[in-house]
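*Asks:* My structure is stored as coords-v8.cif, with mmCIF, C-alpha atoms.
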```
data_run
loop_
_atom_site.group_PDB
_atom_site.id
_atom_site.type_symbol
_atom_site.label_atom_id
_atom_site.label_comp_id
_atom_site.auth_asym_id
_atom_site.auth_seq_id
_atom_site.Cartn_x
_atom_site.Cartn_y
_atom_site.Cartn_z
ATOM 1 C CA MET A 10 0.000 0.000 0.000
ATOM 2 C CA ARG A 11 2.780 2.437 0.903
ATOM 3 C CA ILE A 12 4.646 1.673 -2.300
ATOM 4 C CA ALA A 13 1.549 2.357 -4.389
ATOM 5 C CA LEU A 14 1.031 5.653 -2.597
ATOM 6 C CA LEU A 15 4.677 6.589 -3.100
ATOM 7 C CA VAL A 16 4.482 5.802 -6.825
ATOM 8 C CA LEU A 17 1.319 7.889 -7.105
ATOM 9 C CA LEU A 18 2.950 10.827 -5.334
ATOM 10 C CA ILE A 19 6.007 10.671 -7.594
ATOM 11 C CA PHE A 20 3.726 10.625 -10.636
ATOM 12 C CA LEU A 21 1.746 13.596 -9.350
ATOM 13 C CA ALA A 22 4.891 15.564 -8.638
ATOM 14 C CA GLY A 23 5.940 15.216 -12.281
ATOM 15 C CA CYS A 24 2.733 16.733 -13.677
ATOM 16 C CA SER A 25 1.125 20.075 -13.196
ATOM 17 C CA GLY A 26 -2.279 19.843 -11.557
ATOM 18 C CA LYS A 27 -4.138 21.068 -14.641
ATOM 19 C CA GLN A 28 -2.243 18.764 -16.994
ATOM 20 C CA MET A 29 -2.881 15.811 -14.719
ATOM 21 C CA ARG A 30 -6.620 16.570 -14.502
ATOM 22 C CA GLU A 31 -6.847 16.895 -18.288
ATOM 23 C CA GLU A 32 -5.045 13.614 -18.880
ATOM 24 C CA PHE A 33 -7.016 11.835 -16.150
ATOM 25 C CA VAL A 34 -10.343 12.632 -17.799
ATOM 26 C CA GLY A 35 -8.959 11.962 -21.290
ATOM 27 C CA LEU A 36 -8.863 15.545 -22.498
ATOM 28 C CA SER A 37 -5.201 16.023 -23.272
ATOM 29 C CA ILE A 38 -4.421 17.051 -26.840
ATOM 30 C CA GLU A 39 -1.151 15.094 -26.533
ATOM 31 C CA ASP A 40 -3.057 11.794 -26.748
ATOM 32 C CA VAL A 41 -4.687 12.806 -30.007
ATOM 33 C CA LYS A 42 -1.495 14.352 -31.436
ATOM 34 C CA THR A 43 0.344 11.038 -31.172
ATOM 35 C CA SER A 44 -1.927 9.658 -33.889
ATOM 36 C CA PRO A 45 -0.084 8.766 -37.087
ATOM 37 C CA HIS A 46 -2.955 10.278 -39.072
ATOM 38 C CA ASN A 47 -2.848 14.052 -39.341
ATOM 39 C CA TYR A 48 -3.784 16.559 -41.988
ATOM 40 C CA THR A 49 -2.407 20.088 -42.209
ATOM 41 C CA ARG A 50 -3.197 23.088 -44.354
ATOM 42 C CA GLU A 51 -2.725 26.818 -44.196
ATOM 43 C CA VAL A 52 -5.952 28.843 -44.255
ATOM 44 C CA ALA A 53 -6.637 32.504 -45.020
ATOM 45 C CA LEU A 54 -8.074 33.339 -41.600
ATOM 46 C CA GLY A 55 -6.414 34.512 -38.420
ATOM 47 C CA ALA A 56 -5.980 31.941 -35.675
ATOM 48 C CA TYR A 57 -8.850 33.071 -33.462
ATOM 49 C CA ALA A 58 -11.246 33.461 -36.394
ATOM 50 C CA SER A 59 -10.253 29.933 -37.490
ATOM 51 C CA PHE A 60 -10.887 28.685 -33.968
ATOM 52 C CA GLU A 61 -14.416 30.127 -33.851
ATOM 53 C CA LYS A 62 -15.248 28.968 -37.390
ATOM 54 C CA THR A 63 -13.954 25.461 -36.556
ATOM 55 C CA LYS A 64 -16.370 25.263 -33.624
ATOM 56 C CA GLU A 65 -19.231 26.270 -35.927
ATOM 57 C CA VAL A 66 -18.307 23.568 -38.449
ATOM 58 C CA ILE A 67 -18.123 20.900 -35.717
ATOM 59 C CA ASN A 68 -21.624 21.886 -34.621
ATOM 60 C CA THR A 69 -22.967 21.655 -38.190
ATOM 61 C CA LEU A 70 -21.474 18.143 -38.403
ATOM 62 C CA ASN A 71 -23.353 17.228 -35.191
ATOM 63 C CA GLY A 72 -20.036 16.622 -33.464
ATOM 64 C CA SER A 73 -19.542 17.278 -29.764
ATOM 65 C CA ILE A 74 -16.800 19.546 -28.492
ATOM 66 C CA ARG A 75 -15.374 17.709 -25.486
ATOM 67 C CA TYR A 76 -12.689 20.237 -24.673
ATOM 68 C CA GLU A 77 -11.507 23.509 -26.103
ATOM 69 C CA HIS A 78 -8.608 25.706 -25.127
ATOM 70 C CA TYR A 79 -8.868 29.219 -26.537
ATOM 71 C CA ILE A 80 -5.354 30.276 -25.527
ATOM 72 C CA LYS A 81 -3.559 27.129 -26.763
ATOM 73 C CA LEU A 82 -5.921 27.024 -29.772
ATOM 74 C CA PHE A 83 -6.962 23.400 -29.735
ATOM 75 C CA ILE A 84 -10.235 21.503 -29.724
ATOM 76 C CA ILE A 85 -10.977 17.880 -28.918
ATOM 77 C CA SER A 86 -14.190 16.665 -30.463
ATOM 78 C CA ASP A 87 -16.067 13.393 -30.933
ATOM 79 C CA ASN A 88 -19.552 12.027 -31.590
ATOM 80 C CA PHE A 89 -19.309 12.281 -35.390
ATOM 81 C CA ASN A 90 -21.022 8.905 -35.798
ATOM 82 C CA LYS A 91 -24.342 10.604 -36.634
ATOM 83 C CA ILE A 92 -22.916 11.917 -39.921
ATOM 84 C CA PHE A 93 -19.933 9.597 -40.444
ATOM 85 C CA THR A 94 -20.714 5.887 -40.096
ATOM 86 C CA ASN A 95 -17.152 4.516 -39.980
ATOM 87 C CA CYS A 96 -16.510 5.539 -36.370
ATOM 88 C CA THR A 97 -17.907 5.184 -32.879
ATOM 89 C CA ASP A 98 -19.279 8.046 -30.847
ATOM 90 C CA THR A 99 -16.072 8.191 -28.786
ATOM 91 C CA THR A 100 -13.605 8.364 -31.695
ATOM 92 C CA GLN A 101 -11.775 11.613 -31.035
ATOM 93 C CA VAL A 102 -10.588 14.257 -33.432
ATOM 94 C CA GLY A 103 -8.060 16.816 -32.274
ATOM 95 C CA ILE A 104 -7.808 20.136 -34.043
ATOM 96 C CA VAL A 105 -4.837 22.439 -33.489
ATOM 97 C CA ILE A 106 -4.628 25.929 -34.932
ATOM 98 C CA THR A 107 -1.237 27.599 -35.269
ATOM 99 C CA PRO A 108 -1.009 31.348 -35.934
ATOM 100 C CA ILE A 109 1.112 32.273 -38.941
ATOM 101 C CA SER A 110 0.219 35.942 -39.309
ATOM 102 C CA GLU A 111 -2.669 38.220 -38.432
ATOM 103 C CA LYS A 112 -4.720 36.893 -41.354
ATOM 104 C CA ARG A 113 -3.311 33.390 -41.822
ATOM 105 C CA SER A 114 -3.168 30.279 -39.684
ATOM 106 C CA GLU A 115 -2.360 26.609 -40.011
ATOM 107 C CA LEU A 116 -5.029 24.025 -39.273
ATOM 108 C CA THR A 117 -3.992 20.498 -38.257
ATOM 109 C CA VAL A 118 -6.485 17.698 -37.684
ATOM 110 C CA TYR A 119 -5.440 14.554 -35.790
ATOM 111 C CA SER A 120 -7.417 11.343 -35.404
ATOM 112 C CA GLY A 121 -6.741 7.678 -34.776
ATOM 113 C CA ASN A 122 -9.320 6.950 -37.483
ATOM 114 C CA TYR A 123 -7.793 7.809 -40.868
ATOM 115 C CA TYR A 124 -11.133 8.181 -42.638
ATOM 116 C CA LEU A 125 -12.755 10.276 -39.911
ATOM 117 C CA GLY A 126 -9.742 12.590 -39.722
ATOM 118 C CA ASN A 127 -9.810 13.067 -43.487
ATOM 119 C CA PHE A 128 -13.591 13.651 -43.451
ATOM 120 C CA VAL A 129 -13.447 16.309 -40.709
ATOM 121 C CA PHE A 130 -10.379 17.940 -42.284
ATOM 122 C CA THR A 131 -12.099 18.170 -45.682
ATOM 123 C CA LYS A 132 -15.236 19.710 -44.158
ATOM 124 C CA LEU A 133 -13.168 22.232 -42.202
ATOM 125 C CA ILE A 134 -11.125 23.286 -45.247
ATOM 126 C CA GLU A 135 -14.318 23.671 -47.315
ATOM 127 C CA ASN A 136 -15.742 26.018 -44.680
ATOM 128 C CA LEU A 137 -12.627 27.961 -43.670
ATOM 129 C CA LYS A 138 -12.200 29.703 -47.020
#
```
Could you take the file, read its structure, and then write that structure out as structure tokens?

*Replies:*
Amino acid sequence: MRIALLVLLIFLAGCSGKQMREEFVGLSIEDVKTSPHNYTREVALGAYASFEKTKEVINTLNGSIRYEHYIKLFIISDNFNKIFTNCTDTTQVGIVITPISEKRSELTVYSGNYYLGNFVFTKLIENLK
């Protein structure tokens, strides 16, 4: 029992409280970013405009936004199974927006499901023009 508690304390000491909470409930973008399937494109919108437009597109696809971070510019979303049949409701898609300039940003979509990632990426690019 003491060893388990010691291991837990060492683990907790290595993580910030917020990071640990995010990873504990499965909301860390790092999990999604380790996916081998990612799609990237530069878009002609500023980062924050891209972020807001991305949320709108997710809603039109009947997806659920599980977590969003406005400062770090990432979104974790799932529940696309209503519009895309080749996934479960818990298949996650991570979307990261990187500022390039005031009017340009880079959009990267990550997913463990190749087809879902490509589907969401295509819909986002169609709507972020």

*Asks:* Which residues would end up in the selection if the PyMOL selection byres ((chain A and resi 79) around 12) were applied here, given that I need the answer as a short mmCIF file (atom, residue, chain, number, x, y, z; two decimals) with C-alpha atoms, in the coordinates of the input?

*Replies:*
```cif
data_model
loop_
_atom_site.label_atom_id
_atom_site.label_comp_id
_atom_site.auth_asym_id
_atom_site.auth_seq_id
_atom_site.Cartn_x
_atom_site.Cartn_y
_atom_site.Cartn_z
CA ALA A 56 -5.98 31.94 -35.67
CA TYR A 57 -8.85 33.07 -33.46
CA ALA A 58 -11.25 33.46 -36.39
CA SER A 59 -10.25 29.93 -37.49
CA PHE A 60 -10.89 28.68 -33.97
CA GLU A 61 -14.42 30.13 -33.85
CA THR A 63 -13.95 25.46 -36.56
CA LYS A 64 -16.37 25.26 -33.62
CA TYR A 76 -12.69 20.24 -24.67
CA GLU A 77 -11.51 23.51 -26.10
CA HIS A 78 -8.61 25.71 -25.13
CA ILE A 80 -5.35 30.28 -25.53
CA LYS A 81 -3.56 27.13 -26.76
CA LEU A 82 -5.92 27.02 -29.77
CA PHE A 83 -6.96 23.40 -29.74
CA ILE A 84 -10.24 21.50 -29.72
CA ILE A 85 -10.98 17.88 -28.92
CA ILE A 104 -7.81 20.14 -34.04
CA VAL A 105 -4.84 22.44 -33.49
CA ILE A 106 -4.63 25.93 -34.93
CA THR A 107 -1.24 27.60 -35.27
#
```

*Asks:* Could you check the closest approach to Gly126 of chain A for each of A:Glu51, A:Glu65, A:Glu111, A:Asp87 and tell me which residue wins, using all atoms listed in the file?

*Replies:*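 So, comparing all the options, the nearest one is A:Asp87.
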
*Asks:* Please list as an MDAnalysis selection string every residue within 7 Å of Ser44 of chain A, counting only C-alpha atoms and excluding residues in the same chain fewer than 4 positions away.

*Replies:* chainID A and resid 119:121

*Asks:* Pick the closest to Val52 of chain A from A:Ile92, A:Val66, A:Ile134, A:Leu125: which is it, counting only C-alpha atoms?

*Replies:* A:Ile134

*Asks:* Emit as AutoDock Vina command-line options the padded axis-aligned box for all listed atoms of segment 114-123 of chain A, 4 Å per side, with centre and edge lengths in Å to one decimal.

*Replies:*
```
--center_x -5.8 --center_y 18.6 --center_z -37.8 --size_x 15.0 --size_y 31.3 --size_z 14.1
```

*Asks:* Just how far from atom CA of Tyr48 of chain A is atom CA of Thr117 of chain A, in Å to one decimal?

*Replies:*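 Going from atom CA of Thr117 of chain A over to atom CA of Tyr48 of chain A covers 5.4 Å.
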
*Asks:* Could you jot down the atom CA of Ala53 of chain A to atom CA of Asn127 of chain A separation for me, Å, one decimal place?

*Replies:*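 Separation between atom CA of Ala53 of chain A and atom CA of Asn127 of chain A: 19.8 Å.
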
*Asks:* Where atoms are absent from segment 53-81 of chain A, fill them in so it carries N, CA and C atoms, then output it as a PDB file, keeping the file's coordinate frame.

*Replies:*
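The resulting file, part26.pdb, is shown below:
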```
ATOM      1  N   ALA A  53      -6.689  31.042 -44.940  1.00  0.00           N
ATOM      2  CA  ALA A  53      -6.637  32.504 -45.020  1.00  0.00           C
ATOM      3  C   ALA A  53      -7.540  33.154 -43.978  1.00  0.00           C
ATOM      4  N   LEU A  54      -7.372  32.748 -42.736  1.00  0.00           N
ATOM      5  CA  LEU A  54      -8.074  33.339 -41.600  1.00  0.00           C
ATOM      6  C   LEU A  54      -7.079  33.433 -40.450  1.00  0.00           C
ATOM      7  N   GLY A  55      -7.238  34.428 -39.622  1.00  0.00           N
ATOM      8  CA  GLY A  55      -6.414  34.512 -38.420  1.00  0.00           C
ATOM      9  C   GLY A  55      -6.724  33.348 -37.489  1.00  0.00           C
ATOM     10  N   ALA A  56      -5.859  33.105 -36.546  1.00  0.00           N
ATOM     11  CA  ALA A  56      -5.980  31.941 -35.675  1.00  0.00           C
ATOM     12  C   ALA A  56      -7.284  31.929 -34.882  1.00  0.00           C
ATOM     13  N   TYR A  57      -7.650  33.058 -34.298  1.00  0.00           N
ATOM     14  CA  TYR A  57      -8.850  33.071 -33.462  1.00  0.00           C
ATOM     15  C   TYR A  57     -10.127  33.006 -34.293  1.00  0.00           C
ATOM     16  N   ALA A  58     -10.108  33.596 -35.483  1.00  0.00           N
ATOM     17  CA  ALA A  58     -11.246  33.461 -36.394  1.00  0.00           C
ATOM     18  C   ALA A  58     -11.375  32.006 -36.849  1.00  0.00           C
ATOM     19  N   SER A  59     -10.243  31.355 -37.120  1.00  0.00           N
ATOM     20  CA  SER A  59     -10.253  29.933 -37.490  1.00  0.00           C
ATOM     21  C   SER A  59     -10.807  29.081 -36.355  1.00  0.00           C
ATOM     22  N   PHE A  60     -10.420  29.422 -35.137  1.00  0.00           N
ATOM     23  CA  PHE A  60     -10.887  28.685 -33.968  1.00  0.00           C
ATOM     24  C   PHE A  60     -12.410  28.751 -33.854  1.00  0.00           C
ATOM     25  N   GLU A  61     -12.959  29.949 -33.962  1.00  0.00           N
ATOM     26  CA  GLU A  61     -14.416  30.127 -33.851  1.00  0.00           C
ATOM     27  C   GLU A  61     -15.146  29.453 -35.007  1.00  0.00           C
ATOM     28  N   LYS A  62     -14.617  29.595 -36.213  1.00  0.00           N
ATOM     29  CA  LYS A  62     -15.248  28.968 -37.390  1.00  0.00           C
ATOM     30  C   LYS A  62     -15.178  27.448 -37.280  1.00  0.00           C
ATOM     31  N   THR A  63     -14.090  26.911 -36.748  1.00  0.00           N
ATOM     32  CA  THR A  63     -13.954  25.461 -36.556  1.00  0.00           C
ATOM     33  C   THR A  63     -15.039  24.948 -35.619  1.00  0.00           C
ATOM     34  N   LYS A  64     -15.309  25.669 -34.552  1.00  0.00           N
ATOM     35  CA  LYS A  64     -16.370  25.263 -33.624  1.00  0.00           C
ATOM     36  C   LYS A  64     -17.729  25.248 -34.323  1.00  0.00           C
ATOM     37  N   GLU A  65     -17.973  26.234 -35.174  1.00  0.00           N
ATOM     38  CA  GLU A  65     -19.231  26.270 -35.927  1.00  0.00           C
ATOM     39  C   GLU A  65     -19.363  25.055 -36.838  1.00  0.00           C
ATOM     40  N   VAL A  66     -18.279  24.712 -37.530  1.00  0.00           N
ATOM     41  CA  VAL A  66     -18.307  23.568 -38.449  1.00  0.00           C
ATOM     42  C   VAL A  66     -18.553  22.270 -37.678  1.00  0.00           C
ATOM     43  N   ILE A  67     -17.903  22.096 -36.541  1.00  0.00           N
ATOM     44  CA  ILE A  67     -18.123  20.900 -35.717  1.00  0.00           C
ATOM     45  C   ILE A  67     -19.600  20.788 -35.343  1.00  0.00           C
ATOM     46  N   ASN A  68     -20.200  21.900 -34.972  1.00  0.00           N
ATOM     47  CA  ASN A  68     -21.624  21.886 -34.621  1.00  0.00           C
ATOM     48  C   ASN A  68     -22.501  21.519 -35.814  1.00  0.00           C
ATOM     49  N   THR A  69     -22.163  22.010 -37.016  1.00  0.00           N
ATOM     50  CA  THR A  69     -22.967  21.655 -38.190  1.00  0.00           C
ATOM     51  C   THR A  69     -22.812  20.181 -38.555  1.00  0.00           C
ATOM     52  N   LEU A  70     -21.691  19.581 -38.160  1.00  0.00           N
ATOM     53  CA  LEU A  70     -21.474  18.143 -38.403  1.00  0.00           C
ATOM     54  C   LEU A  70     -22.080  17.283 -37.293  1.00  0.00           C
ATOM     55  N   ASN A  71     -22.763  17.913 -36.351  1.00  0.00           N
ATOM     56  CA  ASN A  71     -23.353  17.228 -35.191  1.00  0.00           C
ATOM     57  C   ASN A  71     -22.308  16.587 -34.298  1.00  0.00           C
ATOM     58  N   GLY A  72     -21.082  17.093 -34.367  1.00  0.00           N
ATOM     59  CA  GLY A  72     -20.036  16.622 -33.464  1.00  0.00           C
ATOM     60  C   GLY A  72     -20.178  17.293 -32.106  1.00  0.00           C
ATOM     61  N   SER A  73     -19.533  16.716 -31.115  1.00  0.00           N
ATOM     62  CA  SER A  73     -19.542  17.278 -29.764  1.00  0.00           C
ATOM     63  C   SER A  73     -18.148  17.791 -29.431  1.00  0.00           C
ATOM     64  N   ILE A  74     -18.073  18.997 -28.944  1.00  0.00           N
ATOM     65  CA  ILE A  74     -16.800  19.546 -28.492  1.00  0.00           C
ATOM     66  C   ILE A  74     -16.617  19.094 -27.051  1.00  0.00           C
ATOM     67  N   ARG A  75     -15.636  18.234 -26.824  1.00  0.00           N
ATOM     68  CA  ARG A  75     -15.374  17.709 -25.486  1.00  0.00           C
ATOM     69  C   ARG A  75     -14.495  18.644 -24.674  1.00  0.00           C
ATOM     70  N   TYR A  76     -13.592  19.332 -25.367  1.00  0.00           N
ATOM     71  CA  TYR A  76     -12.689  20.237 -24.673  1.00  0.00           C
ATOM     72  C   TYR A  76     -12.178  21.253 -25.677  1.00  0.00           C
ATOM     73  N   GLU A  77     -12.091  22.479 -25.258  1.00  0.00           N
ATOM     74  CA  GLU A  77     -11.507  23.509 -26.103  1.00  0.00           C
ATOM     75  C   GLU A  77     -10.617  24.391 -25.247  1.00  0.00           C
ATOM     76  N   HIS A  78      -9.546  24.843 -25.832  1.00  0.00           N
ATOM     77  CA  HIS A  78      -8.608  25.706 -25.127  1.00  0.00           C
ATOM     78  C   HIS A  78      -8.332  26.902 -26.034  1.00  0.00           C
ATOM     79  N   TYR A  79      -8.937  28.039 -25.694  1.00  0.00           N
ATOM     80  CA  TYR A  79      -8.868  29.219 -26.537  1.00  0.00           C
ATOM     81  C   TYR A  79      -7.466  29.814 -26.599  1.00  0.00           C
ATOM     82  N   ILE A  80      -6.704  29.703 -25.534  1.00  0.00           N
ATOM     83  CA  ILE A  80      -5.354  30.276 -25.527  1.00  0.00           C
ATOM     84  C   ILE A  80      -4.377  29.379 -26.297  1.00  0.00           C
ATOM     85  N   LYS A  81      -4.451  28.061 -26.059  1.00  0.00           N
ATOM     86  CA  LYS A  81      -3.559  27.129 -26.763  1.00  0.00           C
ATOM     87  C   LYS A  81      -4.088  26.761 -28.143  1.00  0.00           C
TER      88      LYS A  81
END
```
